[in-house]
file my_file-v2.pdb (PDB, C-alpha atoms and all ligand atoms)
ATOM      1  CA  LEU A  14       9.853   0.101 -21.991  1.00  0.00           C
ATOM      2  CA  THR A  15      11.970   1.048 -19.004  1.00  0.00           C
ATOM      3  CA  LYS A  16      10.847   3.413 -16.265  1.00  0.00           C
ATOM      4  CA  LYS A  17      13.106   5.063 -13.720  1.00  0.00           C
ATOM      5  CA  THR A  18      12.621   7.737 -11.089  1.00  0.00           C
ATOM      6  CA  TYR A  19      15.528   9.964 -10.103  1.00  0.00           C
ATOM      7  CA  SER A  20      15.992  12.192  -7.112  1.00  0.00           C
ATOM      8  CA  VAL A  21      17.086  15.583  -8.511  1.00  0.00           C
ATOM      9  CA  PRO A  22      17.853  17.969  -5.619  1.00  0.00           C
ATOM     10  CA  ASN A  23      18.362  21.033  -7.844  1.00  0.00           C
ATOM     11  CA  THR A  24      14.699  21.053  -8.883  1.00  0.00           C
ATOM     12  CA  SER A  25      13.779  24.338  -7.209  1.00  0.00           C
ATOM     13  CA  CYS A  26      11.061  26.056  -9.259  1.00  0.00           C
ATOM     14  CA  ASP A  27       8.656  25.659 -12.167  1.00  0.00           C
ATOM     15  CA  HIS A  28      11.361  26.821 -14.542  1.00  0.00           C
ATOM     16  CA  CYS A  29      13.540  23.899 -13.507  1.00  0.00           C
ATOM     17  CA  VAL A  30      10.633  21.516 -14.075  1.00  0.00           C
ATOM     18  CA  ALA A  31      10.052  22.905 -17.564  1.00  0.00           C
ATOM     19  CA  THR A  32      13.755  22.798 -18.456  1.00  0.00           C
ATOM     20  CA  ILE A  33      14.215  19.219 -17.277  1.00  0.00           C
ATOM     21  CA  GLU A  34      11.101  18.003 -19.073  1.00  0.00           C
ATOM     22  CA  ARG A  35      11.985  19.800 -22.297  1.00  0.00           C
ATOM     23  CA  GLU A  36      15.635  18.719 -22.410  1.00  0.00           C
ATOM     24  CA  LEU A  37      15.015  15.088 -21.540  1.00  0.00           C
ATOM     25  CA  ALA A  38      12.000  14.744 -23.845  1.00  0.00           C
ATOM     26  CA  ALA A  39      14.250  15.829 -26.731  1.00  0.00           C
ATOM     27  CA  LEU A  40      16.562  12.834 -26.287  1.00  0.00           C
ATOM     28  CA  PRO A  41      16.193   9.925 -28.725  1.00  0.00           C
ATOM     29  CA  GLY A  42      14.462   6.949 -27.124  1.00  0.00           C
ATOM     30  CA  VAL A  43      12.763   8.932 -24.360  1.00  0.00           C
ATOM     31  CA  ASP A  44       8.999   8.379 -24.376  1.00  0.00           C
ATOM     32  CA  SER A  45       7.872  10.531 -21.468  1.00  0.00           C
ATOM     33  CA  VAL A  46       9.282  12.722 -18.709  1.00  0.00           C
ATOM     34  CA  LYS A  47       7.576  13.933 -15.549  1.00  0.00           C
ATOM     35  CA  ALA A  48       9.387  16.293 -13.184  1.00  0.00           C
ATOM     36  CA  GLU A  49       7.898  16.966  -9.740  1.00  0.00           C
ATOM     37  CA  LEU A  50       8.775  20.191  -7.961  1.00  0.00           C
ATOM     38  CA  GLU A  51       7.522  19.267  -4.474  1.00  0.00           C
ATOM     39  CA  ARG A  52       9.306  15.955  -4.201  1.00  0.00           C
ATOM     40  CA  LYS A  53      12.219  16.885  -6.512  1.00  0.00           C
ATOM     41  CA  LEU A  54      11.754  13.735  -8.541  1.00  0.00           C
ATOM     42  CA  VAL A  55      12.105  13.095 -12.256  1.00  0.00           C
ATOM     43  CA  THR A  56      10.422  10.025 -13.739  1.00  0.00           C
ATOM     44  CA  VAL A  57      11.499   8.933 -17.187  1.00  0.00           C
ATOM     45  CA  VAL A  58       9.964   6.293 -19.437  1.00  0.00           C
ATOM     46  CA  CYS A  59      12.253   5.253 -22.265  1.00  0.00           C
ATOM     47  CA  ASP A  60      12.776   2.531 -24.855  1.00  0.00           C
ATOM     48  CA  ASN A  61      15.478   0.612 -23.022  1.00  0.00           C
ATOM     49  CA  ALA A  62      17.965   0.793 -20.174  1.00  0.00           C
ATOM     50  CA  GLY A  63      20.677   2.106 -22.493  1.00  0.00           C
ATOM     51  CA  VAL A  64      18.778   5.351 -22.902  1.00  0.00           C
ATOM     52  CA  LEU A  65      18.992   5.954 -19.150  1.00  0.00           C
ATOM     53  CA  ALA A  66      22.740   6.551 -19.431  1.00  0.00           C
ATOM     54  CA  GLU A  67      22.003   9.381 -21.869  1.00  0.00           C
ATOM     55  CA  VAL A  68      19.300  10.741 -19.584  1.00  0.00           C
ATOM     56  CA  GLU A  69      21.710  10.840 -16.642  1.00  0.00           C
ATOM     57  CA  LYS A  70      24.404  12.472 -18.760  1.00  0.00           C
ATOM     58  CA  ALA A  71      21.943  15.131 -19.965  1.00  0.00           C
ATOM     59  CA  LEU A  72      20.790  15.872 -16.416  1.00  0.00           C
ATOM     60  CA  ARG A  73      24.385  16.488 -15.352  1.00  0.00           C
ATOM     61  CA  GLU A  74      25.069  18.643 -18.413  1.00  0.00           C
ATOM     62  CA  ILE A  75      22.084  20.940 -17.807  1.00  0.00           C
ATOM     63  CA  GLY A  76      22.911  21.402 -14.140  1.00  0.00           C
ATOM     64  CA  TYR A  77      20.497  18.936 -12.543  1.00  0.00           C
ATOM     65  CA  PRO A  78      22.643  15.977 -11.505  1.00  0.00           C
ATOM     66  CA  PRO A  79      20.576  13.078 -10.164  1.00  0.00           C
ATOM     67  CA  ASP A  80      21.264  11.684  -6.689  1.00  0.00           C
ATOM     68  CA  ALA A  81      20.675   8.134  -7.829  1.00  0.00           C
TER      69      ALA A  81
HETATM   70 CU    CU A 101      14.128  26.604 -11.191  1.00  0.00          CU
END
call {"tool": "encode", "arguments": {"input": "my_file-v2.pdb", "output": "structure tokens"}}
result
Amino acid sequence: LTKKTYSVPNTSCDHCVATIERELAALPGVDSVKAELERKLVTVVCDNAGVLAEVEKALREIGYPPDA
């Protein structure tokens, strides 16, 4: 398993948290997603590093581009 934490500046309310968690959890190969409103962080656990490219693409597509 691969774990990565992203800084996602657009995380501004509970709705954002729910949207990010729902959309990323739906991606193949994603095992868990935790979005944090206070720190504007999204932590993803997935099957392998290749899935992270899809996670980053999805974040951009739904309007929450990661800083890193
Ligand atoms: Cu929001």
call {"tool": "closest_atom_pairs", "arguments": {"input": "my_file-v2.pdb", "of": "chain A", "to": "ligand CU 101 (chain A)", "cutoff": "9 Å", "atoms": "only C-alpha atoms and all ligand atoms", "output": "Markdown table"}}
result
| residue | atom | partner | partner_atom | distance |
| --- | --- | --- | --- | --- |
| A:Asn23 | CA | A:CU101 | CU | 7.8 |
| A:Thr24 | CA | A:CU101 | CU | 6.0 |
| A:Ser25 | CA | A:CU101 | CU | 4.6 |
| A:Cys26 | CA | A:CU101 | CU | 3.7 |
| A:Asp27 | CA | A:CU101 | CU | 5.6 |
| A:His28 | CA | A:CU101 | CU | 4.4 |
| A:Cys29 | CA | A:CU101 | CU | 3.6 |
| A:Val30 | CA | A:CU101 | CU | 6.8 |
| A:Ala31 | CA | A:CU101 | CU | 8.4 |
| A:Thr32 | CA | A:CU101 | CU | 8.2 |
| A:Leu50 | CA | A:CU101 | CU | 9.0 |
call {"tool": "residues_around", "arguments": {"input": "my_file-v2.pdb", "residues": "stretch 33-47 of chain A", "least_positions_apart": "6", "cutoff": "8 Å", "atoms": "all atoms listed in the file", "output": "list in words"}}
result
Val55, Thr56, Val57, Val58, Cys59, Asp60, Asn61, Val64, Glu67, Val68, Ala71, Leu72 and Tyr77 of chain A
call {"tool": "resolve_selection", "arguments": {"input": "my_file-v2.pdb", "expression": "the PyMOL selection byres (((chain A and resi 80) around 7) and not hetatm)", "output": "MDAnalysis selection string"}}
result
chainID A and resid 19:21 78:79 81
call {"tool": "closest_residue", "arguments": {"input": "my_file-v2.pdb", "among": "A:Lys70, A:Gly76, A:Leu65, A:Glu51", "to": "A:Lys16", "atoms": "all atoms listed in the file"}}
result
A:Leu65
call {"tool": "axis_aligned_box", "arguments": {"input": "my_file-v2.pdb", "around": "stretch 60-68 of chain A", "padding_each_side": "3 Å", "output": "JSON"}}
result
{"center_x": 17.8, "center_y": 5.7, "center_z": -22.0, "size_x": 16.0, "size_y": 16.1, "size_z": 11.7}
call {"tool": "build_atoms", "arguments": {"input": "my_file-v2.pdb", "residues": "stretch 48-65 of chain A", "atoms": "N, CA, C and O atoms", "output": "compact mmCIF listing (two decimals), keeping the file's coordinate frame"}}
result
# COMPACT_ATOMS: atom_id res chain seq x y z
N ALA A 48 8.61 15.73 -14.28
CA ALA A 48 9.39 16.29 -13.18
C ALA A 48 8.43 16.80 -12.12
O ALA A 48 7.39 17.39 -12.44
N GLU A 49 8.74 16.55 -10.85
CA GLU A 49 7.90 16.97 -9.74
C GLU A 49 8.65 17.93 -8.84
O GLU A 49 9.68 17.57 -8.26
N LEU A 50 8.12 19.14 -8.74
CA LEU A 50 8.78 20.19 -7.96
C LEU A 50 8.78 19.88 -6.46
O LEU A 50 9.82 19.97 -5.81
N GLU A 51 7.63 19.48 -5.93
CA GLU A 51 7.52 19.27 -4.47
C GLU A 51 8.48 18.19 -3.96
O GLU A 51 9.17 18.38 -2.97
N ARG A 52 8.49 17.08 -4.67
CA ARG A 52 9.31 15.96 -4.20
C ARG A 52 10.69 15.92 -4.84
O ARG A 52 11.51 15.08 -4.50
N LYS A 53 10.94 16.83 -5.79
CA LYS A 53 12.22 16.89 -6.51
C LYS A 53 12.57 15.55 -7.15
O LYS A 53 13.68 15.02 -6.99
N LEU A 54 11.59 15.01 -7.85
CA LEU A 54 11.75 13.74 -8.54
C LEU A 54 11.56 13.92 -10.03
O LEU A 54 10.78 14.78 -10.47
N VAL A 55 12.28 13.12 -10.81
CA VAL A 55 12.10 13.10 -12.26
C VAL A 55 11.89 11.64 -12.67
O VAL A 55 12.74 10.79 -12.42
N THR A 56 10.74 11.38 -13.28
CA THR A 56 10.42 10.02 -13.74
C THR A 56 10.49 9.99 -15.26
O THR A 56 9.86 10.81 -15.94
N VAL A 57 11.27 9.05 -15.75
CA VAL A 57 11.50 8.93 -17.19
C VAL A 57 11.03 7.56 -17.67
O VAL A 57 11.33 6.55 -17.04
N VAL A 58 10.29 7.55 -18.76
CA VAL A 58 9.96 6.29 -19.44
C VAL A 58 10.70 6.33 -20.77
O VAL A 58 10.58 7.31 -21.53
N CYS A 59 11.48 5.27 -21.03
CA CYS A 59 12.25 5.25 -22.26
C CYS A 59 12.27 3.85 -22.88
O CYS A 59 11.78 2.90 -22.28
N ASP A 60 12.84 3.77 -24.08
CA ASP A 60 12.78 2.53 -24.86
C ASP A 60 13.52 1.38 -24.20
O ASP A 60 13.08 0.24 -24.25
N ASN A 61 14.68 1.68 -23.63
CA ASN A 61 15.48 0.61 -23.02
C ASN A 61 16.45 1.21 -22.02
O ASN A 61 16.62 2.44 -21.95
N ALA A 62 17.09 0.33 -21.25
CA ALA A 62 17.96 0.79 -20.17
C ALA A 62 19.15 1.61 -20.70
O ALA A 62 19.68 2.46 -19.98
N GLY A 63 19.55 1.36 -21.93
CA GLY A 63 20.68 2.11 -22.49
C GLY A 63 20.41 3.59 -22.59
O GLY A 63 21.32 4.42 -22.48
N VAL A 64 19.15 3.94 -22.79
CA VAL A 64 18.78 5.35 -22.90
C VAL A 64 18.99 6.07 -21.57
O VAL A 64 19.28 7.27 -21.53
N LEU A 65 18.86 5.33 -20.47
CA LEU A 65 18.99 5.95 -19.15
C LEU A 65 20.38 6.57 -18.95
O LEU A 65 20.51 7.59 -18.28
